[in-house]
>>> print(open('run39.cif').read())   # mmCIF, C-alpha atoms (C1' of nucleotides)
data_model
loop_
_atom_site.label_atom_id
_atom_site.label_comp_id
_atom_site.auth_asym_id
_atom_site.auth_seq_id
_atom_site.Cartn_x
_atom_site.Cartn_y
_atom_site.Cartn_z
CA MET D 1 134.12 64.27 9.28
CA TYR D 2 136.30 65.88 11.82
CA GLY D 3 137.83 68.06 9.15
CA ILE D 4 134.46 69.19 7.99
CA ALA D 5 133.40 70.05 11.53
CA LEU D 6 136.61 71.99 12.05
CA ALA D 7 136.18 73.85 8.82
CA CYS D 8 132.62 74.71 9.69
CA LEU D 9 133.72 75.98 13.06
CA LEU D 10 136.46 78.12 11.56
CA PHE D 11 134.09 79.45 9.01
CA LEU D 12 131.52 80.24 11.71
CA LEU D 13 134.09 82.08 13.80
CA LYS D 14 135.34 84.14 10.94
CA TRP D 15 131.83 84.85 9.85
CA MET D 16 130.81 86.01 13.31
CA GLU D 17 133.93 88.17 13.39
CA LEU D 18 132.89 89.64 10.10
CA LYS D 19 129.39 90.13 11.35
CA TRP D 20 130.70 91.93 14.39
CA MET D 21 132.74 94.18 12.20
CA VAL D 22 130.14 95.07 9.72
CA TYR D 23 126.84 94.30 11.32
CA SER D 24 126.10 97.93 11.78
CA HIS D 25 126.30 98.34 7.99
CA SER D 26 123.71 97.09 5.60
CA MET D 27 126.26 97.24 2.82
CA ASP D 28 127.04 93.53 2.98
CA ILE D 29 123.47 92.55 2.42
CA TYR D 30 123.32 94.83 -0.51
CA ILE D 31 126.53 93.40 -1.98
CA GLY D 32 125.32 89.86 -1.37
CA ALA D 33 122.12 90.64 -3.23
CA ILE D 34 124.14 92.07 -6.12
CA SER D 35 126.31 88.96 -6.13
CA ILE D 36 123.39 86.58 -6.26
CA LEU D 37 121.64 88.69 -8.89
CA PHE D 38 124.64 88.77 -11.18
CA THR D 39 125.32 85.11 -10.64
CA PHE D 40 121.89 84.32 -12.02
CA LEU D 41 122.48 86.84 -14.80
CA GLY D 42 125.62 84.89 -15.66
CA ILE D 43 123.69 81.64 -15.66
CA TRP D 44 121.02 83.15 -17.88
CA LEU D 45 123.64 84.59 -20.24
CA ALA D 46 125.42 81.25 -20.47
CA LYS D 47 122.19 79.51 -21.37
CA GLN D 48 121.51 82.08 -24.06
CA LEU D 49 124.96 82.03 -25.55
CA THR D 50 125.85 78.35 -25.60
CA LYS D 51 125.33 76.78 -28.99
CA PRO D 52 123.80 73.34 -29.10
CA LYS D 53 126.21 70.60 -30.02
CA THR D 54 125.14 68.78 -33.18
CA ASN D 55 125.58 65.10 -33.42
CA THR D 56 125.42 64.00 -37.04
CA ILE D 57 124.40 60.39 -37.40
CA ILE D 58 124.68 58.95 -40.87
CA VAL D 59 122.25 56.16 -41.56
CA GLU D 60 123.01 54.16 -44.67
CA LYS D 61 119.96 52.90 -46.48
CA TRP D 62 119.88 50.53 -49.39
CA LEU D 63 118.31 51.88 -52.51
CA ASN D 64 115.73 49.65 -54.17
CA PRO D 65 117.80 47.87 -56.82
CA ILE D 66 115.14 47.81 -59.48
CA PRO D 67 112.86 50.84 -59.05
CA VAL D 68 110.00 49.05 -60.89
CA GLU D 69 110.77 50.68 -64.19
CA ASN D 70 111.47 47.28 -65.65
CA GLY D 71 107.99 45.86 -65.39
CA LEU D 72 106.53 49.17 -66.48
CA ILE D 73 104.63 49.26 -69.74
CA ASN D 74 104.40 52.38 -71.82
CA GLU D 75 100.64 52.63 -72.25
CA THR D 76 100.98 56.01 -73.91
CA ALA D 77 103.10 54.59 -76.71
CA ILE D 78 100.57 51.82 -77.26
CA VAL D 79 97.77 54.34 -77.64
CA ASN D 80 99.86 56.63 -79.83
CA LEU D 81 100.66 53.77 -82.19
CA GLY D 82 96.97 52.88 -82.32
CA ILE D 83 97.51 49.31 -81.19
CA SER D 84 94.29 47.66 -80.03
CA THR D 85 93.70 45.37 -77.07
CA ARG D 86 93.46 42.25 -79.21
CA GLU D 87 96.63 43.16 -81.04
CA MET D 88 98.44 43.54 -77.73
CA GLU D 89 97.29 40.08 -76.67
CA VAL D 90 98.65 38.62 -79.88
CA LEU D 91 101.85 40.62 -79.54
CA ASN D 92 102.48 39.32 -76.05
CA LEU D 93 101.93 35.69 -77.01
CA MET D 94 104.09 36.21 -80.09
CA ALA D 95 106.91 37.54 -77.91
CA LYS D 96 106.71 34.39 -75.80
CA GLY D 97 107.75 32.46 -78.90
CA MET D 98 104.39 31.08 -79.91
CA SER D 99 103.39 30.16 -83.45
CA ASN D 100 100.28 31.55 -85.14
CA ALA D 101 98.54 28.21 -84.60
CA GLU D 102 99.33 28.24 -80.87
CA ILE D 103 98.15 31.83 -80.46
CA ALA D 104 94.94 30.97 -82.34
CA GLY D 105 94.41 28.02 -79.99
CA ILE D 106 94.87 30.09 -76.84
CA LEU D 107 92.66 32.97 -77.94
CA PHE D 108 90.04 30.66 -79.57
CA LEU D 109 90.51 32.33 -82.93
CA SER D 110 91.28 31.13 -86.43
CA ILE D 111 94.76 31.29 -87.88
CA PRO D 112 93.73 33.85 -90.54
CA THR D 113 92.53 36.15 -87.77
CA ILE D 114 95.89 35.91 -86.03
CA LYS D 115 97.58 36.64 -89.33
CA THR D 116 95.43 39.73 -89.79
CA HIS D 117 96.27 41.03 -86.32
CA ILE D 118 99.94 40.39 -86.87
CA ALA D 119 99.88 42.08 -90.27
CA ASN D 120 98.26 45.13 -88.67
CA LEU D 121 100.87 45.06 -85.91
CA PHE D 122 103.65 44.99 -88.50
CA PHE D 123 102.14 48.04 -90.21
CA LYS D 124 101.73 49.99 -86.96
CA LEU D 125 105.20 49.06 -85.71
CA GLU D 126 106.70 49.63 -89.17
CA VAL D 127 108.39 46.23 -89.32
CA LYS D 128 108.44 43.29 -91.69
CA ARG D 129 108.96 40.27 -89.45
CA ARG D 130 107.69 39.03 -86.11
CA THR D 131 111.20 38.99 -84.68
CA GLN D 132 111.53 42.67 -85.55
CA ALA D 133 108.13 43.35 -84.03
CA ILE D 134 109.19 41.73 -80.76
CA GLU D 135 112.47 43.62 -80.72
CA LYS D 136 110.81 46.97 -81.36
CA ALA D 137 107.94 46.32 -78.95
CA LYS D 138 110.43 45.54 -76.19
CA ARG D 139 112.49 48.58 -77.04
CA LEU D 140 109.40 50.80 -76.88
CA GLN D 141 108.36 49.00 -73.69
CA LEU D 142 105.04 47.96 -75.14
CA ILE D 143 105.73 44.52 -73.67
CA PRO D 144 107.89 43.51 -70.66
CA MET C 1 139.32 70.86 -3.80
CA TYR C 2 137.96 71.54 -0.36
CA GLY C 3 141.16 73.24 0.70
CA ILE C 4 141.11 75.44 -2.33
CA ALA C 5 137.53 76.50 -1.57
CA LEU C 6 138.50 77.28 2.00
CA ALA C 7 141.47 79.32 0.89
CA CYS C 8 139.34 81.22 -1.53
CA LEU C 9 136.84 81.96 1.18
CA LEU C 10 139.58 83.24 3.52
CA PHE C 11 140.97 85.35 0.75
CA LEU C 12 137.54 86.74 0.10
CA LEU C 13 137.08 87.68 3.72
CA LYS C 14 140.43 89.41 3.89
CA TRP C 15 139.64 91.14 0.71
CA MET C 16 136.32 92.38 2.03
CA GLU C 17 138.17 93.67 5.05
CA LEU C 18 140.40 95.57 2.71
CA LYS C 19 137.38 96.79 0.91
CA TRP C 20 136.09 98.24 4.17
CA MET C 21 139.17 100.37 4.34
CA VAL C 22 138.76 101.81 0.96
CA TYR C 23 135.07 101.67 0.41
CA SER C 24 134.66 105.38 0.79
CA HIS C 25 136.76 105.91 -2.32
CA SER C 26 134.80 104.36 -5.09
CA MET C 27 131.89 102.24 -4.05
CA ASP C 28 130.43 102.19 -7.54
CA ILE C 29 133.52 100.67 -9.12
CA TYR C 30 133.60 98.05 -6.42
CA ILE C 31 130.03 97.11 -7.00
CA GLY C 32 130.65 97.02 -10.72
CA ALA C 33 133.56 94.66 -10.18
CA ILE C 34 131.44 92.45 -7.99
CA SER C 35 128.77 92.42 -10.64
CA ILE C 36 131.18 91.38 -13.38
CA LEU C 37 132.82 88.79 -11.17
CA PHE C 38 129.58 87.13 -10.23
CA THR C 39 128.34 87.30 -13.76
CA PHE C 40 131.33 85.22 -14.84
CA LEU C 41 130.79 82.98 -11.83
CA GLY C 42 127.24 82.44 -13.07
CA ILE C 43 128.47 81.65 -16.54
CA TRP C 44 131.02 79.22 -15.13
CA LEU C 45 128.37 77.63 -12.96
CA ALA C 46 125.97 77.30 -15.84
CA LYS C 47 128.63 75.63 -17.95
CA GLN C 48 129.40 73.19 -15.19
CA LEU C 49 125.85 72.34 -14.34
CA THR C 50 124.01 72.33 -17.65
CA LYS C 51 124.17 69.25 -19.82
CA PRO C 52 125.41 69.89 -23.33
CA LYS C 53 122.60 70.43 -25.75
CA THR C 54 122.79 67.87 -28.54
CA ASN C 55 120.83 68.10 -31.68
CA THR C 56 120.90 64.73 -33.37
CA ILE C 57 120.73 65.10 -37.12
CA ILE C 58 120.08 61.90 -38.97
CA VAL C 59 121.40 61.96 -42.52
CA GLU C 60 120.14 59.17 -44.72
CA LYS C 61 122.68 57.98 -47.21
CA TRP C 62 121.25 56.06 -50.10
CA LEU C 63 123.38 53.39 -51.65
CA ASN C 64 122.88 51.59 -54.91
CA PRO C 65 123.72 47.96 -54.29
CA ILE C 66 123.47 46.60 -57.81
CA PRO C 67 125.72 48.45 -60.28
CA VAL C 68 124.78 47.34 -63.75
CA GLU C 69 123.79 43.72 -63.80
CA ASN C 70 121.48 44.39 -66.72
CA GLY C 71 123.99 44.37 -69.55
CA LEU C 72 125.71 41.31 -68.14
CA ILE C 73 126.02 38.20 -70.28
CA ASN C 74 126.16 34.75 -68.81
CA GLU C 75 129.26 33.33 -70.49
CA THR C 76 129.12 30.22 -68.35
CA ALA C 77 125.70 29.28 -69.63
CA ILE C 78 126.89 29.72 -73.21
CA VAL C 79 129.78 27.35 -72.63
CA ASN C 80 127.61 24.86 -70.76
CA LEU C 81 125.13 24.74 -73.61
CA GLY C 82 127.99 24.19 -76.05
CA ILE C 83 127.08 27.18 -78.19
CA SER C 84 129.94 28.19 -80.51
CA THR C 85 131.16 31.67 -81.41
CA ARG C 86 129.59 31.61 -84.86
CA GLU C 87 126.30 30.45 -83.42
CA MET C 88 126.35 33.34 -80.95
CA GLU C 89 126.89 35.79 -83.80
CA VAL C 90 123.92 34.37 -85.64
CA LEU C 91 121.85 34.35 -82.45
CA ASN C 92 122.55 38.02 -81.79
CA LEU C 93 121.63 39.08 -85.31
CA MET C 94 118.54 36.88 -85.15
CA ALA C 95 117.47 38.62 -81.93
CA LYS C 96 117.76 41.96 -83.68
CA GLY C 97 114.96 40.80 -85.97
CA MET C 98 117.00 39.88 -89.02
CA SER C 99 116.02 37.30 -91.63
CA ASN C 100 118.28 34.42 -92.63
CA ALA C 101 119.13 36.23 -95.85
CA GLU C 102 120.13 39.39 -93.97
CA ILE C 103 122.27 37.48 -91.50
CA ALA C 104 123.95 35.65 -94.39
CA GLY C 105 124.65 39.00 -96.03
CA ILE C 106 126.21 40.50 -92.94
CA LEU C 107 128.40 37.50 -92.11
CA PHE C 108 129.28 36.81 -95.78
CA LEU C 109 127.81 33.34 -95.59
CA SER C 110 125.27 31.38 -97.59
CA ILE C 111 121.70 31.01 -96.44
CA PRO C 112 122.07 27.22 -95.97
CA THR C 113 124.94 27.87 -93.56
CA ILE C 114 122.79 30.24 -91.52
CA LYS C 115 120.06 27.62 -91.48
CA THR C 116 122.50 25.04 -90.19
CA HIS C 117 123.69 27.31 -87.40
CA ILE C 118 120.13 28.14 -86.46
CA ALA C 119 119.09 24.50 -86.49
CA ASN C 120 122.01 23.70 -84.17
CA LEU C 121 121.00 26.59 -81.92
CA PHE C 122 117.43 25.26 -81.75
CA PHE C 123 118.75 21.85 -80.71
CA LYS C 124 121.06 23.28 -78.03
CA LEU C 125 118.43 25.64 -76.70
CA GLU C 126 115.74 22.95 -76.94
CA VAL C 127 113.34 25.12 -78.93
CA LYS C 128 111.46 24.85 -82.20
CA ARG C 129 111.22 28.43 -83.46
CA ARG C 130 113.50 31.45 -83.69
CA THR C 131 111.12 33.50 -81.56
CA GLN C 132 111.40 30.87 -78.83
CA ALA C 133 115.16 30.86 -79.22
CA ILE C 134 115.32 34.63 -78.72
CA GLU C 135 113.02 34.46 -75.69
CA LYS C 136 115.04 31.69 -74.06
CA ALA C 137 118.40 33.24 -74.91
CA LYS C 138 117.31 36.50 -73.28
CA ARG C 139 115.95 34.67 -70.27
CA LEU C 140 119.25 32.80 -69.85
CA GLN C 141 121.10 36.07 -70.47
CA LEU C 142 123.01 34.65 -73.39
CA ILE C 143 122.18 37.88 -75.22
CA PRO C 144 121.41 41.36 -73.82
"C1'" DA T 1 70.78 56.44 -87.86
"C1'" DT T 2 75.04 56.61 -89.77
"C1'" DT T 3 79.89 56.45 -89.33
"C1'" DA T 4 84.08 54.66 -87.74
"C1'" DA T 5 86.87 51.40 -85.64
"C1'" DA T 6 87.74 46.87 -83.85
"C1'" DT T 7 87.22 42.21 -84.49
"C1'" DT T 8 86.47 38.22 -86.91
"C1'" DC T 9 87.08 34.93 -90.81
"C1'" DA T 10 88.13 33.29 -95.58
"C1'" DT T 11 90.80 32.24 -99.81
"C1'" DA T 12 94.76 32.35 -102.61
"C1'" DC T 13 99.25 33.18 -103.10
"C1'" DT T 14 104.37 34.22 -102.15
"C1'" DT T 15 108.07 34.15 -99.18
"C1'" DT T 16 110.60 32.72 -95.40
"C1'" DA T 17 111.63 29.44 -91.94
"C1'" DG T 18 112.75 25.07 -90.60
"C1'" DT T 19 114.08 19.86 -91.34
"C1'" DA T 20 116.86 16.19 -93.11
"C1'" DT T 21 120.78 14.58 -95.06
"C1'" DG T 22 125.21 14.64 -96.95
"C1'" DA T 23 129.68 16.41 -97.58
"C1'" DA T 24 134.08 19.28 -97.76
"C1'" DT T 25 137.55 21.98 -95.15
"C1'" DG T 26 140.75 23.53 -91.57
"C1'" DG T 27 142.39 23.68 -86.79
"C1'" DA T 28 143.30 21.50 -82.52
"C1'" DT T 29 143.92 17.38 -79.84
"C1'" DT T 30 145.30 12.69 -78.91
"C1'" DA Q 1 148.20 9.95 -88.55
"C1'" DA Q 2 143.71 9.79 -86.93
"C1'" DT Q 3 140.02 11.98 -84.66
"C1'" DC Q 4 137.02 15.50 -83.14
"C1'" DC Q 5 134.80 19.74 -83.77
"C1'" DA Q 6 133.55 23.97 -85.79
"C1'" DT Q 7 132.51 25.80 -89.95
"C1'" DT Q 8 130.98 25.91 -94.45
"C1'" DC Q 9 127.83 24.75 -98.32
"C1'" DA Q 10 124.35 22.12 -101.07
"C1'" DT Q 11 119.87 19.99 -102.34
"C1'" DA Q 12 115.24 18.77 -101.54
"C1'" DC Q 13 111.47 18.98 -99.00
"C1'" DT Q 14 107.78 20.47 -95.49
"C1'" DA Q 15 105.88 23.83 -92.47
"C1'" DA Q 16 105.10 28.21 -91.08
"C1'" DA Q 17 104.97 32.99 -91.83
"C1'" DG Q 18 103.57 36.80 -94.30
"C1'" DT Q 19 100.74 39.43 -98.18
"C1'" DA Q 20 96.64 40.86 -100.49
"C1'" DT Q 21 91.96 41.30 -100.81
"C1'" DG Q 22 87.33 41.03 -99.47
"C1'" DA Q 23 83.72 40.72 -96.26
"C1'" DA Q 24 80.61 40.09 -92.03
"C1'" DT Q 25 79.78 41.48 -87.22
"C1'" DT Q 26 79.91 44.12 -83.13
"C1'" DT Q 27 80.46 48.23 -80.53
"C1'" DA Q 28 81.17 53.01 -79.59
"C1'" DA Q 29 80.71 57.57 -81.12
"C1'" DT Q 30 78.72 61.40 -83.90
#
>>> encode(input="run39.cif", output="structure tokens")
Amino acid sequence: MYGIALACLLFLLKWMELKWMVYSHSMDIYIGAISILFTFLGIWLAKQLTKPKTNTIIVEKWLNPIPVENGLINETAIVNLGISTREMEVLNLMAKGMSNAEIAGILFLSIPTIKTHIANLFFKLEVKRRTQAIEKAKRLQLIP
Amino acid sequence: MYGIALACLLFLLKWMELKWMVYSHSMDIYIGAISILFTFLGIWLAKQLTKPKTNTIIVEKWLNPIPVENGLINETAIVNLGISTREMEVLNLMAKGMSNAEIAGILFLSIPTIKTHIANLFFKLEVKRRTQAIEKAKRLQLIP
DNA sequence: ATTAAATTCATACTTTAGTATGAATGGATT
DNA sequence: AATCCATTCATACTAAAGTATGAATTTAAT
């Protein structure tokens, strides 16, 4: 505190001395104005020239393991092969391992009807057995 | 720090005194020097006072957690069910949609042998039909 | 109204799948 | 040596699957 006061006093004395020496000249005021002006110019320049620092934060996100493509059914292929709705029902039950009699029971149809549908499926899928039909239907994603 | 500032100030005053002696020579150069000096002072000040600009860029990194669990085969389940090597061979060919005769042809076996293997498979898998056997084997990941 | 396709059912037949039982062989274990 | 198991094959039978053909009905489209 004392040091500060002393410093202030010294500064004041020197300043008054300076004033006494140059008070008749307005040059100091002019120079002071220049100083302040260019100080602000410097500040402005600095603000213009400094590049922003970039903080790169890497966030790791888990990808969905199974994008949904598994449960997807290729409707286009079904239409292209000309497989009807009823035939798809039979095909799905067949792929679950059901016998013709069981499929007939579930769909309230006769066994000959199921056999007809299956025969048509074999023709459209170009196969000879129900196991082949299931394999091909799964491969073509007609069934899950 | 305070002492340094004080010293600088004193130096400045002395220097201005010197300037008074020579100001008649080249006032313009002096003013130019002052300008440049205070410009750099401004830049220095700006750098000290302004907070660093930080642009936070968030980069999302997508990770695939499950490599290829699809083609995996559950060997443990096969052993637990007591399914033999030969039976697995028959099971795989069966799942490809092959008839008993075709399987027999590929493995150089008689049809009765294939029937025996398949009957044993049905017992171990607790099913009644080959379509059921295929469905269950796939579900238990005994076959791809 | 006619056509076309989907759906249903039937009958008769052939083929394949599946069951039951028995048996021979070779390798590994006790 | 005896036993267990996997593997092989056979015969005889039943059940289910698959083929072929024909036909009636419904529904949507031309």
>>> resolve_selection(input="run39.cif", expression="the PyMOL selection byres ((chain C) within 12 of (chain T))", output="list of chain:residue names")
C:Met98, C:Ser99, C:Asn100, C:Ala101, C:Glu102, C:Ile111, C:Pro112, C:Ile114, C:Lys115, C:Thr116, C:His117, C:Ile118, C:Ala119, C:Asn120, C:Phe122, C:Phe123, C:Val127, C:Lys128, C:Arg129, C:Arg130, C:Thr131
>>> atom_distance(input="run39.cif", atom1="CA of Thr76 in chain C", atom2="CA of Leu142 in chain C")
9.1 Å
>>> resolve_selection(input="run39.cif", expression="the PyMOL selection byres ((chain C and resi 35) around 10)", output="list in words")
Ile31, Ile34, Ser35, Ile36, Leu37, Phe38, Thr39, Leu41 and Gly42 of chain D; Ile29, Tyr30, Ile31, Gly32, Ala33, Ile34, Ile36, Leu37, Phe38, Thr39, Phe40 and Leu41 of chain C
>>> atom_distance(input="run39.cif", atom1="C1' of DC13 in chain Q", atom2="CA of Gly97 in chain C")
25.7 Å
>>> atom_distance(input="run39.cif", atom1="CA of Asn92 in chain C", atom2="CA of Leu72 in chain C")
14.4 Å
>>> residues_around(input="run39.cif", residues="Leu107 in chain C", least_positions_apart="3", cutoff="9 Å", atoms="all atoms listed in the file", output="VMD selection string")
chain C and resid 89 to 90 102 to 104 110
>>> axis_aligned_box(input="run39.cif", around="range 104-120 of chain C", padding_each_side="3 Å", output="lines of an AutoDock Vina configuration file")
center_x = 124.2
center_y = 32.1
center_z = -90.9
size_x = 16.2
size_y = 22.8
size_z = 19.4
>>> resolve_selection(input="run39.cif", expression="the PyMOL selection byres ((chain C and resi 144) around 10)", output="NGL selection string")
:C and (70-74 or 92 or 95 or 137-143)
>>> interface_residues(input="run39.cif", of="chain Q", to="chain D", cutoff="12 Å", atoms="all atoms listed in the file", output="PyMOL selection string")
chain Q and resi 15-21
>>> closest_residue(input="run39.cif", among="C:Phe11, C:Leu121, C:Leu109, C:Leu93", to="Glu135 in chain D", atoms="only C-alpha atoms")
C:Leu93
>>> decode(input="run39.cif", residues="range 87-106 of chain D", atoms="N, CA and C atoms", output="tab-separated table (two decimals), in the first residue's frame")
chain	number	residue	atom	x	y	z
D	87	GLU	N	-50.72	-68.89	-51.81
D	87	GLU	CA	-49.50	-69.70	-51.97
D	87	GLU	C	-48.44	-69.27	-50.96
D	88	MET	N	-48.36	-67.99	-50.69
D	88	MET	CA	-47.40	-67.50	-49.70
D	88	MET	C	-47.76	-68.01	-48.30
D	89	GLU	N	-49.05	-68.05	-48.01
D	89	GLU	CA	-49.47	-68.57	-46.70
D	89	GLU	C	-49.03	-70.02	-46.54
D	90	VAL	N	-49.29	-70.79	-47.59
D	90	VAL	CA	-48.90	-72.20	-47.56
D	90	VAL	C	-47.39	-72.34	-47.45
D	91	LEU	N	-46.69	-71.52	-48.21
D	91	LEU	CA	-45.21	-71.57	-48.20
D	91	LEU	C	-44.65	-71.29	-46.82
D	92	ASN	N	-45.22	-70.31	-46.15
D	92	ASN	CA	-44.74	-69.96	-44.81
D	92	ASN	C	-44.98	-71.09	-43.82
D	93	LEU	N	-46.15	-71.68	-43.87
D	93	LEU	CA	-46.45	-72.78	-42.95
D	93	LEU	C	-45.58	-73.99	-43.27
D	94	MET	N	-45.36	-74.21	-44.54
D	94	MET	CA	-44.51	-75.30	-45.00
D	94	MET	C	-43.10	-75.14	-44.43
D	95	ALA	N	-42.60	-73.90	-44.47
D	95	ALA	CA	-41.24	-73.62	-44.00
D	95	ALA	C	-41.12	-73.79	-42.49
D	96	LYS	N	-42.26	-73.75	-41.80
D	96	LYS	CA	-42.23	-73.97	-40.35
D	96	LYS	C	-42.17	-75.45	-40.03
D	97	GLY	N	-42.21	-76.29	-41.05
D	97	GLY	CA	-42.10	-77.72	-40.85
D	97	GLY	C	-43.43	-78.45	-40.77
D	98	MET	N	-44.47	-77.82	-41.24
D	98	MET	CA	-45.79	-78.43	-41.13
D	98	MET	C	-46.10	-79.37	-42.29
D	99	SER	N	-46.89	-80.40	-41.99
D	99	SER	CA	-47.32	-81.35	-43.01
D	99	SER	C	-48.50	-80.76	-43.78
D	100	ASN	N	-48.82	-81.37	-44.90
D	100	ASN	CA	-49.97	-80.90	-45.69
D	100	ASN	C	-51.25	-80.93	-44.86
D	101	ALA	N	-51.40	-81.98	-44.07
D	101	ALA	CA	-52.60	-82.12	-43.23
D	101	ALA	C	-52.68	-80.97	-42.22
D	102	GLU	N	-51.56	-80.64	-41.61
D	102	GLU	CA	-51.54	-79.55	-40.62
D	102	GLU	C	-51.85	-78.21	-41.27
D	103	ILE	N	-51.25	-77.97	-42.43
D	103	ILE	CA	-51.51	-76.71	-43.14
D	103	ILE	C	-52.99	-76.62	-43.49
D	104	ALA	N	-53.55	-77.73	-44.00
D	104	ALA	CA	-54.98	-77.77	-44.35
D	104	ALA	C	-55.84	-77.44	-43.13
D	105	GLY	N	-55.45	-77.98	-41.98
D	105	GLY	CA	-56.20	-77.73	-40.75
D	105	GLY	C	-56.16	-76.27	-40.34
D	106	ILE	N	-55.01	-75.65	-40.45
D	106	ILE	CA	-54.86	-74.25	-40.04
D	106	ILE	C	-55.62	-73.32	-40.97
